[in-house]
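Undergrad: Sending over upload.cif (mmCIF, C-alpha atoms).
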```
data_work
#
loop_
_atom_site.label_atom_id
_atom_site.label_comp_id
_atom_site.auth_asym_id
_atom_site.auth_seq_id
_atom_site.Cartn_x
_atom_site.Cartn_y
_atom_site.Cartn_z
CA MET A 21 14.09 -23.86 -12.18
CA SER A 22 17.33 -23.28 -10.28
CA ARG A 23 17.47 -21.01 -7.27
CA THR A 24 19.82 -18.67 -9.19
CA LEU A 25 17.31 -18.29 -12.00
CA LEU A 26 14.48 -17.80 -9.53
CA LEU A 27 16.33 -14.98 -7.82
CA SER A 28 17.28 -13.42 -11.13
CA ALA A 29 13.63 -13.40 -12.12
CA SER A 30 12.72 -12.04 -8.70
CA LEU A 31 15.18 -9.19 -9.21
CA LEU A 32 13.30 -8.05 -12.30
CA VAL A 33 9.98 -8.14 -10.50
CA ALA A 34 11.00 -6.72 -7.16
CA HIS A 35 12.82 -3.66 -8.41
CA GLY A 36 10.16 -2.54 -10.82
CA PHE A 37 8.37 -5.39 -12.49
CA LEU A 38 6.54 -2.84 -14.64
CA ALA A 39 9.59 -1.32 -16.31
CA ALA A 40 8.89 -3.04 -19.61
CA THR A 41 5.15 -2.34 -19.54
CA ALA A 42 4.94 1.10 -17.99
CA SER A 43 2.80 2.37 -20.86
CA THR A 44 0.05 -0.15 -20.13
CA HIS A 45 0.47 -0.29 -16.35
CA PRO A 46 0.85 3.32 -15.18
CA TRP A 47 -0.30 2.72 -11.56
CA PRO A 48 -0.84 -1.02 -11.10
CA GLN A 49 -0.52 -1.56 -7.34
CA PHE A 50 -0.56 0.17 -3.96
CA ARG A 51 1.83 3.14 -4.13
CA GLY A 52 2.42 2.89 -7.85
CA PRO A 53 4.86 1.25 -10.29
CA GLN A 54 7.70 0.72 -7.82
CA GLY A 55 5.47 0.54 -4.73
CA ASP A 56 7.10 3.64 -3.22
CA GLY A 57 4.69 6.44 -4.10
CA VAL A 58 6.99 7.97 -6.73
CA SER A 59 5.60 8.74 -10.18
CA SER A 60 7.23 9.99 -13.37
CA ALA A 61 3.91 11.44 -14.52
CA THR A 62 3.82 14.98 -15.85
CA GLY A 63 1.04 17.53 -16.25
CA VAL A 64 -0.50 16.50 -12.92
CA PRO A 65 -3.03 19.10 -11.70
CA LEU A 66 -1.91 21.52 -9.01
CA SER A 67 -5.39 22.77 -8.09
CA TRP A 68 -8.89 21.29 -7.96
CA SER A 69 -12.08 21.18 -5.89
CA ALA A 70 -15.32 19.20 -5.85
CA THR A 71 -16.40 21.10 -8.96
CA SER A 72 -13.27 22.44 -10.67
CA ASN A 73 -10.79 20.41 -12.71
CA VAL A 74 -13.01 17.35 -12.24
CA ALA A 75 -12.93 15.40 -15.50
CA TRP A 76 -15.51 13.01 -14.12
CA LYS A 77 -17.00 11.76 -10.88
CA THR A 78 -18.71 8.40 -10.57
CA GLU A 79 -20.45 6.65 -7.70
CA VAL A 80 -18.75 3.59 -6.20
CA PRO A 81 -21.19 1.06 -4.71
CA GLY A 82 -20.71 -0.35 -1.23
CA ARG A 83 -17.90 0.52 1.14
CA GLY A 84 -14.18 0.03 0.77
CA TRP A 85 -10.87 1.78 1.23
CA SER A 86 -8.74 0.00 -1.33
CA SER A 87 -6.83 2.57 -3.34
CA PRO A 88 -7.47 2.89 -7.08
CA VAL A 89 -5.07 1.21 -9.50
CA LEU A 90 -4.79 2.04 -13.18
CA ALA A 91 -4.00 -0.36 -16.02
CA HIS A 92 -5.14 -0.98 -19.60
CA GLY A 93 -7.23 2.20 -19.60
CA ARG A 94 -9.27 1.14 -16.58
CA ILE A 95 -9.44 1.88 -12.88
CA TYR A 96 -9.77 -1.16 -10.61
CA LEU A 97 -11.15 -1.16 -7.05
CA THR A 98 -12.68 -3.52 -4.53
CA SER A 99 -15.73 -2.93 -2.35
CA ALA A 100 -17.98 -4.58 0.22
CA LEU A 101 -21.71 -4.50 -0.56
CA PRO A 102 -24.32 -4.87 2.20
CA ALA A 103 -26.01 -8.25 1.96
CA GLY A 104 -28.96 -8.91 4.18
CA GLY A 105 -28.08 -9.83 7.75
CA SER A 106 -26.05 -7.89 10.27
CA ASN A 107 -22.42 -7.46 9.18
CA GLN A 108 -22.88 -9.63 6.11
CA VAL A 109 -21.20 -8.30 2.99
CA SER A 110 -20.59 -9.40 -0.56
CA LEU A 111 -16.98 -8.74 -1.63
CA VAL A 112 -16.64 -7.45 -5.16
CA ALA A 113 -14.05 -6.27 -7.68
CA LEU A 114 -14.95 -3.36 -9.95
CA ALA A 115 -13.58 -1.80 -13.12
CA PHE A 116 -14.23 1.69 -14.48
CA ASP A 117 -13.25 3.27 -17.76
CA ALA A 118 -10.41 5.67 -16.94
CA ALA A 119 -11.37 8.15 -19.65
CA SER A 120 -15.07 8.47 -18.82
CA GLY A 121 -15.58 6.95 -15.36
CA LYS A 122 -18.30 4.65 -16.69
CA PRO A 123 -18.54 1.25 -14.98
CA ALA A 124 -16.99 -1.51 -17.10
CA TRP A 125 -17.80 -4.54 -14.97
CA GLN A 126 -18.49 -5.72 -11.42
CA THR A 127 -17.69 -9.24 -10.19
CA THR A 128 -18.72 -10.86 -6.93
CA VAL A 129 -15.52 -12.51 -5.72
CA PHE A 130 -16.81 -13.81 -2.41
CA PRO A 131 -20.57 -14.05 -1.77
CA PRO A 132 -22.22 -13.01 1.51
CA SER A 133 -20.87 -14.81 4.54
CA THR A 134 -22.11 -15.15 8.09
CA ASN A 135 -18.53 -14.95 9.42
CA ALA A 136 -17.77 -11.40 8.25
CA LEU A 137 -15.77 -10.05 11.18
CA PRO A 138 -16.30 -6.51 12.50
CA VAL A 139 -13.89 -3.82 11.34
CA HIS A 140 -12.46 -0.62 12.79
CA ALA A 141 -14.28 2.64 12.00
CA LYS A 142 -11.33 3.63 9.79
CA ASN A 143 -11.18 0.29 8.03
CA SER A 144 -13.44 -1.73 5.74
CA HIS A 145 -13.94 -5.28 4.50
CA ALA A 146 -12.31 -4.17 1.25
CA SER A 147 -9.21 -2.18 2.22
CA PRO A 148 -6.33 -4.04 0.49
CA THR A 149 -5.51 -2.53 -2.90
CA PRO A 150 -5.74 -4.68 -6.06
CA LEU A 151 -2.67 -5.51 -8.11
CA VAL A 152 -2.54 -5.77 -11.91
CA ASP A 153 0.14 -7.72 -13.75
CA GLY A 154 -0.20 -8.37 -17.46
CA ASN A 155 -3.71 -9.70 -18.10
CA ARG A 156 -4.37 -10.65 -14.49
CA ILE A 157 -5.89 -8.76 -11.56
CA TYR A 158 -5.20 -9.94 -8.03
CA VAL A 159 -7.52 -9.00 -5.18
CA HIS A 160 -7.14 -9.75 -1.50
CA PHE A 161 -9.65 -9.60 1.32
CA GLY A 162 -7.62 -10.79 4.31
CA PRO A 163 -9.11 -13.83 6.04
CA ARG A 164 -12.00 -13.93 3.56
CA GLY A 165 -9.52 -14.94 0.87
CA SER A 166 -7.62 -13.92 -2.25
CA ALA A 167 -8.50 -14.23 -5.92
CA CYS A 168 -7.23 -13.77 -9.46
CA LEU A 169 -9.40 -12.34 -12.24
CA ASP A 170 -8.82 -11.66 -15.91
CA LEU A 171 -9.20 -8.19 -17.41
CA GLU A 172 -12.93 -8.70 -17.99
CA GLY A 173 -13.59 -9.72 -14.41
CA HIS A 174 -13.77 -13.49 -14.84
CA ILE A 175 -12.43 -15.35 -11.81
CA GLN A 176 -9.40 -17.54 -12.53
CA TRP A 177 -8.85 -18.88 -9.03
CA THR A 178 -9.67 -18.24 -5.38
CA ASN A 179 -7.95 -19.24 -2.14
CA THR A 180 -9.80 -19.18 1.19
CA SER A 181 -7.44 -21.39 3.19
CA LEU A 182 -5.57 -18.73 5.20
CA VAL A 183 -7.95 -18.03 8.05
CA PHE A 184 -7.03 -15.70 10.91
CA ASP A 185 -8.58 -13.08 13.19
CA PRO A 186 -7.42 -9.68 11.86
CA LYS A 187 -8.65 -7.79 14.96
CA HIS A 188 -9.80 -4.63 13.13
CA GLY A 189 -10.24 -5.99 9.61
CA ASN A 190 -7.51 -6.59 7.08
CA GLY A 191 -5.57 -3.68 5.61
CA GLY A 192 -2.30 -4.86 4.09
CA SER A 193 -2.09 -5.12 0.29
CA PRO A 194 -0.34 -7.91 -1.62
CA ILE A 195 2.83 -7.59 -3.70
CA LEU A 196 3.98 -9.80 -6.58
CA VAL A 197 7.50 -11.23 -6.64
CA ASN A 198 8.57 -13.89 -9.14
CA GLY A 199 5.19 -15.50 -9.48
CA ARG A 200 4.48 -15.27 -5.75
CA LEU A 201 1.58 -13.22 -4.41
CA ILE A 202 2.89 -12.23 -0.97
CA PHE A 203 0.89 -10.66 1.87
CA THR A 204 0.73 -10.49 5.65
CA CYS A 205 -1.66 -12.40 7.91
CA ASP A 206 -0.86 -10.73 11.22
CA GLY A 207 -3.87 -11.56 13.35
CA THR A 208 -4.52 -11.66 17.06
CA GLU A 209 -2.83 -15.06 17.41
CA ASP A 210 -0.10 -16.90 15.50
CA PRO A 211 0.71 -14.10 13.01
CA PHE A 212 2.43 -15.08 9.77
CA ILE A 213 3.39 -13.93 6.28
CA ALA A 214 2.34 -16.04 3.30
CA ALA A 215 2.83 -16.47 -0.43
CA LEU A 216 0.50 -17.96 -3.01
CA ASN A 217 1.44 -19.30 -6.42
CA ALA A 218 0.18 -16.46 -8.61
CA SER A 219 -0.72 -18.84 -11.44
CA THR A 220 -2.80 -21.30 -9.44
CA GLY A 221 -3.59 -19.71 -6.08
CA GLU A 222 -2.02 -22.62 -4.21
CA LEU A 223 -0.07 -21.93 -1.04
CA ALA A 224 3.66 -21.59 -1.80
CA TRP A 225 4.86 -20.95 1.75
CA ARG A 226 3.74 -19.72 5.15
CA THR A 227 6.23 -18.34 7.70
CA PRO A 228 5.39 -17.60 11.35
CA ARG A 229 6.48 -14.27 12.81
CA GLN A 230 9.42 -14.50 15.21
CA ALA A 231 8.52 -11.78 17.70
CA ILE A 232 7.63 -11.72 21.38
CA THR A 233 4.71 -9.32 21.75
CA THR A 234 1.31 -9.30 23.42
CA ARG A 235 -0.52 -7.34 20.70
CA LYS A 236 0.24 -9.36 17.60
CA PHE A 237 -2.05 -7.83 14.98
CA SER A 238 -0.68 -5.61 12.22
CA PHE A 239 -1.76 -4.42 8.77
CA GLY A 240 1.38 -3.87 6.74
CA THR A 241 2.15 -4.19 3.04
CA PRO A 242 5.54 -5.80 2.23
CA THR A 243 8.24 -4.25 0.04
CA ALA A 244 10.62 -6.20 -2.21
CA ILE A 245 14.22 -4.99 -2.50
CA THR A 246 17.49 -6.31 -3.92
CA VAL A 247 20.56 -6.63 -1.70
CA ASP A 248 23.88 -7.89 -3.10
CA GLY A 249 22.06 -9.49 -6.03
CA SER A 250 19.46 -11.29 -3.92
CA VAL A 251 15.83 -10.35 -3.39
CA GLN A 252 14.40 -9.74 0.06
CA VAL A 253 10.78 -9.16 1.04
CA ILE A 254 10.71 -6.60 3.84
CA SER A 255 7.68 -6.89 6.09
CA PRO A 256 7.15 -5.04 9.38
CA ALA A 257 4.96 -6.66 12.01
CA SER A 258 4.11 -6.21 15.67
CA GLY A 259 7.27 -6.46 17.73
CA CYS A 260 9.66 -6.75 14.78
CA ALA A 261 10.45 -5.97 11.18
CA ALA A 262 11.92 -8.80 9.14
CA ALA A 263 13.24 -9.75 5.70
CA TYR A 264 12.17 -12.96 3.96
CA ASP A 265 13.39 -15.00 1.00
CA PRO A 266 10.59 -14.79 -1.60
CA VAL A 267 11.35 -18.27 -2.90
CA ASP A 268 10.75 -20.26 0.29
CA GLY A 269 9.75 -17.73 2.96
CA ARG A 270 12.90 -18.22 5.03
CA GLU A 271 13.53 -15.34 7.44
CA ILE A 272 16.81 -13.59 6.59
CA TRP A 273 17.10 -10.93 9.29
CA ARG A 274 15.00 -9.38 12.01
CA VAL A 275 14.96 -6.09 13.93
CA ARG A 276 13.04 -5.93 17.21
CA HIS A 277 10.87 -2.96 18.19
CA ASP A 278 8.11 -2.14 20.70
CA GLY A 279 5.32 -1.23 18.31
CA TYR A 280 2.18 -3.02 17.16
CA SER A 281 -0.64 -2.51 14.64
CA VAL A 282 1.99 -1.57 12.06
CA ILE A 283 0.62 -0.14 8.81
CA PRO A 284 3.23 1.87 6.79
CA LYS A 285 4.80 0.18 3.76
CA PRO A 286 8.64 0.29 3.88
CA VAL A 287 10.70 2.24 1.33
CA PHE A 288 14.30 1.60 0.26
CA GLY A 289 17.19 3.81 -0.79
CA HIS A 290 20.79 4.75 0.05
CA GLY A 291 21.30 1.13 1.07
CA LEU A 292 18.76 1.57 3.87
CA VAL A 293 15.26 0.29 4.56
CA TYR A 294 12.99 2.94 6.10
CA LEU A 295 9.99 1.79 8.10
CA GLY A 296 7.72 2.72 10.98
CA THR A 297 6.93 0.79 14.14
CA GLY A 298 3.21 1.58 14.45
CA PHE A 299 1.28 2.17 17.66
CA ASN A 300 1.39 3.51 20.32
CA THR A 301 4.49 5.66 19.93
CA PRO A 302 5.72 5.39 16.35
CA VAL A 303 9.45 5.37 15.64
CA ALA A 304 11.09 5.70 12.23
CA LEU A 305 13.89 3.20 11.69
CA ALA A 306 16.61 3.11 9.04
CA ILE A 307 18.02 -0.40 8.70
CA ARG A 308 20.97 -1.77 6.73
CA PRO A 309 19.51 -4.92 5.12
CA ASN A 310 22.74 -6.88 4.64
CA GLY A 311 22.73 -8.86 7.90
CA THR A 312 21.42 -12.20 9.08
CA GLY A 313 19.57 -13.19 12.23
CA ASP A 314 18.74 -10.64 14.90
CA VAL A 315 20.41 -7.42 13.71
CA THR A 316 18.64 -4.98 16.02
CA GLU A 317 21.84 -3.62 17.55
CA SER A 318 24.22 -4.07 14.64
CA HIS A 319 22.23 -2.87 11.61
CA THR A 320 19.99 -0.05 12.82
CA ALA A 321 21.59 2.96 11.12
CA TRP A 322 19.40 5.51 12.88
CA SER A 323 16.06 5.89 14.63
CA GLN A 324 13.86 8.96 14.97
CA LYS A 325 10.95 9.34 17.38
CA ARG A 326 9.83 12.67 15.93
CA GLY A 327 7.57 12.68 12.94
CA ALA A 328 6.91 8.99 12.25
CA GLY A 329 3.20 8.49 11.68
CA GLN A 330 1.16 5.43 12.53
CA THR A 331 -0.75 5.03 9.26
CA PRO A 332 0.67 6.85 6.17
CA SER A 333 3.68 5.29 4.45
CA PHE A 334 6.93 7.21 4.10
CA LEU A 335 8.05 8.98 0.91
CA LEU A 336 11.71 9.00 -0.14
CA ASP A 337 12.74 11.79 -2.50
CA GLY A 338 16.49 11.75 -3.12
CA ASP A 339 18.23 12.61 0.14
CA GLU A 340 15.00 13.67 1.84
CA LEU A 341 12.63 11.36 3.70
CA PHE A 342 9.09 12.70 4.13
CA MET A 343 6.87 11.35 6.90
CA LEU A 344 3.24 12.37 7.28
CA ALA A 345 1.92 11.81 10.79
CA ASP A 346 -1.71 10.89 11.36
CA ASN A 347 -2.34 14.38 12.78
CA GLY A 348 -1.31 16.04 9.50
CA ILE A 349 2.19 17.13 10.55
CA LEU A 350 4.65 16.67 7.69
CA THR A 351 8.26 15.98 8.62
CA CYS A 352 11.21 16.27 6.25
CA ALA A 353 14.35 14.47 7.44
CA ASN A 354 17.80 13.68 6.12
CA ALA A 355 17.42 10.15 4.78
CA LYS A 356 21.03 9.25 5.59
CA THR A 357 21.18 10.54 9.17
CA GLY A 358 17.62 11.09 10.42
CA GLU A 359 18.30 14.79 11.07
CA ILE A 360 15.05 16.74 10.86
CA TYR A 361 14.88 19.73 8.50
CA TYR A 362 11.31 20.76 9.24
CA GLN A 363 8.04 19.75 10.88
CA GLU A 364 4.98 21.66 9.72
CA ARG A 365 1.22 21.17 9.79
CA ALA A 366 0.30 20.41 6.22
CA CYS A 367 -3.28 19.13 6.47
CA GLY A 368 -5.79 17.52 8.81
CA GLN A 369 -6.00 14.00 10.21
CA SER A 370 -4.53 11.68 7.59
CA SER A 371 -4.54 7.99 6.67
CA SER A 372 -3.58 8.03 2.98
CA SER A 373 0.05 7.88 1.91
CA PRO A 374 1.83 10.80 0.19
CA ILE A 375 3.05 10.58 -3.39
CA LEU A 376 5.63 12.43 -5.48
CA ALA A 377 4.39 13.44 -8.92
CA ASP A 378 5.42 16.09 -11.43
CA GLY A 379 8.08 17.37 -9.04
CA ARG A 380 5.60 18.00 -6.20
CA ILE A 381 4.41 16.16 -3.09
CA TYR A 382 0.71 15.35 -2.91
CA LEU A 383 -1.09 14.70 0.40
CA LEU A 384 -4.73 13.81 1.07
CA ASP A 385 -6.37 14.09 4.48
CA GLU A 386 -9.39 12.25 5.85
CA GLN A 387 -11.77 15.13 5.09
CA GLY A 388 -10.87 15.00 1.41
CA LEU A 389 -8.50 17.96 1.45
CA GLY A 390 -5.76 17.50 -1.12
CA VAL A 391 -2.62 19.45 -0.28
CA VAL A 392 0.34 20.00 -2.58
CA VAL A 393 3.71 20.97 -1.11
CA ALA A 394 7.06 21.68 -2.68
CA ARG A 395 9.83 19.13 -2.53
CA GLY A 396 13.04 20.07 -0.73
CA ARG A 397 14.19 20.95 2.77
CA GLU A 398 12.01 24.04 3.24
CA PHE A 399 8.28 23.74 3.75
CA LYS A 400 6.18 25.49 1.14
CA LYS A 401 2.50 24.77 0.64
CA LEU A 402 1.52 25.20 -3.00
CA SER A 403 -2.24 24.57 -2.91
CA GLU A 404 -5.19 23.32 -0.87
CA ASN A 405 -7.90 21.44 -2.72
CA PRO A 406 -11.06 20.26 -0.92
CA ILE A 407 -13.55 17.80 -2.37
CA GLY A 408 -15.67 17.71 0.79
CA GLU A 409 -15.87 13.94 1.13
CA ARG A 410 -14.20 11.55 3.55
CA ALA A 411 -11.06 10.01 2.05
CA LEU A 412 -8.80 7.30 3.51
CA ALA A 413 -7.50 5.72 0.29
CA SER A 414 -4.33 6.90 -1.45
CA TYR A 415 -4.00 8.60 -4.83
CA ALA A 416 -3.43 6.98 -8.19
CA VAL A 417 -1.70 9.17 -10.77
CA THR A 418 -0.84 9.15 -14.44
CA ASP A 419 0.15 11.78 -16.99
CA GLY A 420 -2.22 14.71 -16.62
CA SER A 421 -4.52 13.11 -14.04
CA LEU A 422 -5.03 12.25 -10.39
CA PHE A 423 -7.57 9.67 -9.26
CA ILE A 424 -9.16 9.95 -5.81
CA ARG A 425 -11.42 7.46 -4.08
CA SER A 426 -13.70 9.05 -1.51
CA GLU A 427 -16.21 7.33 0.73
CA SER A 428 -18.81 7.24 -2.05
CA HIS A 429 -17.17 8.29 -5.30
CA LEU A 430 -14.23 7.93 -7.63
CA TYR A 431 -12.86 11.19 -9.05
CA SER A 432 -10.71 11.90 -12.06
CA ILE A 433 -8.91 15.20 -11.50
CA ARG A 434 -7.52 16.79 -14.64
CA SER A 435 -6.56 20.36 -15.52
CA GLN A 436 -8.98 21.78 -18.05
CA PRO A 437 -7.52 23.25 -21.28
#
```
Just dump the structure as structure tokens.
TA:
Amino acid sequence: MSRTLLLSASLLVAHGFLAATASTHPWPQFRGPQGDGVSSATGVPLSWSATSNVAWKTEVPGRGWSSPVLAHGRIYLTSALPAGGSNQVSLVALAFDAASGKPAWQTTVFPPSTNALPVHAKNSHASPTPLVDGNRIYVHFGPRGSACLDLEGHIQWTNTSLVFDPKHGNGGSPILVNGRLIFTCDGTEDPFIAALNASTGELAWRTPRQAITTRKFSFGTPTAITVDGSVQVISPASGCAAAYDPVDGREIWRVRHDGYSVIPKPVFGHGLVYLGTGFNTPVALAIRPNGTGDVTESHTAWSQKRGAGQTPSFLLDGDELFMLADNGILTCANAKTGEIYYQERACGQSSSSPILADGRIYLLDEQGLGVVVARGREFKKLSENPIGERALASYAVTDGSLFIRSESHLYSIRSQP
């Protein structure tokens, strides 16, 4: 296939590969259909608790912080099940019926291993979110490997060749661009970004990070955008954020920064890429993605030190950029200039990423408090909704329903008639 045709196909995938199948793939990957936390769902509940507006609640075995995804009437998750010896876990994929919460199937993707590395207290061995495309489910477990399953949980392929030390456990989720399953492998040494052939699991390309930094580990999820008719994969890392060609992994441009352990997934709008720089002092950057090489000085449209969190991803709503800091402070800024409209405490300590659904902004803090705020340049809290369980995963949403993964359960939140 010619490079022109490859890029044309990439364009369809990168800027909403679910457009033609939205009815069967309402929330198929981390941060939803477009990977930006924005949903067109309506009838989404405004209020709930651990006992009210709960359509169902089902126990999830093991431990994992992958966010729920919804496709074909099922919820898909991953989890790590204890398996005998110290720090040994069995890595599994799970499916639940979205209407009832009943388990549909559970597949062991990777059996217990003696080389299961320790993870941070706010991480797990099953933190990357699954991705559903057509009749295939892709799951990723960092250095333990990646896999493809069919809709009934039968394994189609596995790849365990990309070994690295993730420092605190893997966190970044994969994206799918033109038949490439792309994810970051930013470990303690020799960090890189990689792509697998989504059909076979074979390595398509592997590109080293071009950054000078002492703390090289990061946990980001890439974002695919289209610039002047060509697709770019935007992927922040320690010491830099860069754009890559999804066909061959070639680096297109790079912006240097001083951060490390970068987690937030970039968002795109107004001709700008918005991303955070991670620890220790997060900075929000707005970058014009039409350059080549090192564009740190020439293509940084604005930077803002106030409000950028270290963990939650940003949310772009028209001309407003919303940033939820880890301490629960919500910042609303002008997306074109970085000017701050407000900074208000919205919730408690937070790791999950905000979403926009039914014309409202939904937040979820680590104690399981769901907070709904109004969109716009003035802060207005609409509801507070506790479930009383620890929650680090992000929402999934569809018409009439929210899905929440807590430390032990999966909830379907739905307004009762």
Undergrad: The PyMOL selection byres ((chain A and resi 309-319) around 10) on the file shown: which residues, as a PDB file with C-alpha atoms, in the frame of the given file?
TA:
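Generated file (result-v9.pdb):
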```pdb
ATOM      1  CA  ILE A 245      14.220  -4.990  -2.500  1.00  0.00           C
ATOM      2  CA  THR A 246      17.490  -6.310  -3.920  1.00  0.00           C
ATOM      3  CA  VAL A 247      20.560  -6.630  -1.700  1.00  0.00           C
ATOM      4  CA  ASP A 248      23.880  -7.890  -3.100  1.00  0.00           C
ATOM      5  CA  GLN A 252      14.400  -9.740   0.060  1.00  0.00           C
ATOM      6  CA  ILE A 254      10.710  -6.600   3.840  1.00  0.00           C
ATOM      7  CA  CYS A 260       9.660  -6.750  14.780  1.00  0.00           C
ATOM      8  CA  ALA A 261      10.450  -5.970  11.180  1.00  0.00           C
ATOM      9  CA  ALA A 262      11.920  -8.800   9.140  1.00  0.00           C
ATOM     10  CA  ALA A 263      13.240  -9.750   5.700  1.00  0.00           C
ATOM     11  CA  GLU A 271      13.530 -15.340   7.440  1.00  0.00           C
ATOM     12  CA  ILE A 272      16.810 -13.590   6.590  1.00  0.00           C
ATOM     13  CA  TRP A 273      17.100 -10.930   9.290  1.00  0.00           C
ATOM     14  CA  ARG A 274      15.000  -9.380  12.010  1.00  0.00           C
ATOM     15  CA  VAL A 275      14.960  -6.090  13.930  1.00  0.00           C
ATOM     16  CA  ARG A 276      13.040  -5.930  17.210  1.00  0.00           C
ATOM     17  CA  HIS A 277      10.870  -2.960  18.190  1.00  0.00           C
ATOM     18  CA  PHE A 288      14.300   1.600   0.260  1.00  0.00           C
ATOM     19  CA  GLY A 291      21.300   1.130   1.070  1.00  0.00           C
ATOM     20  CA  LEU A 292      18.760   1.570   3.870  1.00  0.00           C
ATOM     21  CA  VAL A 293      15.260   0.290   4.560  1.00  0.00           C
ATOM     22  CA  ALA A 306      16.610   3.110   9.040  1.00  0.00           C
ATOM     23  CA  ILE A 307      18.020  -0.400   8.700  1.00  0.00           C
ATOM     24  CA  ARG A 308      20.970  -1.770   6.730  1.00  0.00           C
ATOM     25  CA  THR A 320      19.990  -0.050  12.820  1.00  0.00           C
ATOM     26  CA  ALA A 321      21.590   2.960  11.120  1.00  0.00           C
ATOM     27  CA  TRP A 322      19.400   5.510  12.880  1.00  0.00           C
TER      28      TRP A 322
END
```
Undergrad: Using all atoms listed in the file, pick whichever of A:Ser435, A:Gln126, A:Gln54, A:Ser86 has the shortest atom-to-atom distance to Ala244 of chain A.
TA: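 Using all atoms listed in the file, Ala244 of chain A sits closest to A:Gln54.
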Undergrad: Under the rule that only C-alpha atoms are counted, which of A:Leu101, A:Gly63, A:Leu305, A:Pro123 is the nearest residue to Lys77 of chain A?
TA: A:Pro123
Undergrad: Just want the 10 Å neighbourhood of Tyr361 of chain A, counted on only C-alpha atoms, with same-chain residues fewer than 5 positions away dropped. Output as a list in words.
TA: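 So, after excluding close chain neighbours, the residues are Glu340, Leu341, Thr351, Cys352, Ala353, Asn354, Gly396, Arg397, Glu398 and Phe399 of chain A.
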Undergrad: Please report the interatomic distance between atom CA of Gly279 of chain A and atom CA of Lys236 of chain A in Å with one decimal.
TA: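 Going from atom CA of Gly279 of chain A over to atom CA of Lys236 of chain A, I get 9.6 Å.
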Undergrad: Please write as a PDB file with C-alpha atoms, keeping the file's coordinate frame the full residue list that the PyMOL selection byres ((chain A and resi 73) around 9) yields on this file.
TA:
```pdb
ATOM      1  CA  PRO A  65      -3.030  19.100 -11.700  1.00  0.00           C
ATOM      2  CA  SER A  67      -5.390  22.770  -8.090  1.00  0.00           C
ATOM      3  CA  TRP A  68      -8.890  21.290  -7.960  1.00  0.00           C
ATOM      4  CA  SER A  69     -12.080  21.180  -5.890  1.00  0.00           C
ATOM      5  CA  ALA A  70     -15.320  19.200  -5.850  1.00  0.00           C
ATOM      6  CA  THR A  71     -16.400  21.100  -8.960  1.00  0.00           C
ATOM      7  CA  SER A  72     -13.270  22.440 -10.670  1.00  0.00           C
ATOM      8  CA  VAL A  74     -13.010  17.350 -12.240  1.00  0.00           C
ATOM      9  CA  ALA A  75     -12.930  15.400 -15.500  1.00  0.00           C
ATOM     10  CA  TRP A  76     -15.510  13.010 -14.120  1.00  0.00           C
ATOM     11  CA  SER A 432     -10.710  11.900 -12.060  1.00  0.00           C
ATOM     12  CA  ILE A 433      -8.910  15.200 -11.500  1.00  0.00           C
ATOM     13  CA  ARG A 434      -7.520  16.790 -14.640  1.00  0.00           C
ATOM     14  CA  SER A 435      -6.560  20.360 -15.520  1.00  0.00           C
ATOM     15  CA  GLN A 436      -8.980  21.780 -18.050  1.00  0.00           C
TER      16      GLN A 436
END
```
Undergrad: Produce the centre coordinates and the three edge lengths, each in Å to one decimal, of the box along x, y and z that contains all listed atoms of segment 283-298 of chain A with 6 Å added on each side, as AutoDock Vina command-line options.
TA:
```
--center_x 11.0 --center_y 2.3 --center_z 6.8 --size_x 32.7 --size_y 16.9 --size_z 27.2
```
Undergrad: Decode the PyMOL selection byres ((chain A and resi 119) around 8) for the given file into explicit residues and return them as a ChimeraX atom specification.
TA: /A:93-94,117-118,120-121
Undergrad: Would you mind reading off the distance between atom CA of Thr180 of chain A and atom CA of Gly269 of chain A, one decimal, in Å?
TA: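 Between atom CA of Thr180 of chain A and atom CA of Gly269 of chain A the gap is 19.7 Å.
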Undergrad: Tell me which protein, DNA and RNA residues are within 12 Å of Pro374 of chain A, counting all atoms listed in the file, leaving out same-chain ones fewer than 6 positions away, and put them as a PyMOL selection string.
TA: chain A and resi 50-52+55-59+284-285+329+331-337+341-346+348+350-351+366-367+380-385+390-393+395+412-417
Undergrad: So how far away is atom CA of Pro256 of chain A from atom CA of Thr243 of chain A, in Å?
TA: 9.4 Å
Undergrad: Nearest to Val282 of chain A: which of A:Ser255, A:Ala103, A:Ser238, A:Gln324 is it, counting only C-alpha atoms?
TA: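 Using only C-alpha atoms, Val282 of chain A sits closest to A:Ser238.
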Undergrad: Residues at most 10 Å from segment 152-159 of chain A, counting all atoms listed in the file, excluding those fewer than 3 positions away in the same chain, as a PyMOL selection string?
TA: chain A and resi 37-38+41+44-45+47-49+86+89-92+96-98+112-113+129+146+148-149+162+165-178+193-196+201+218-219
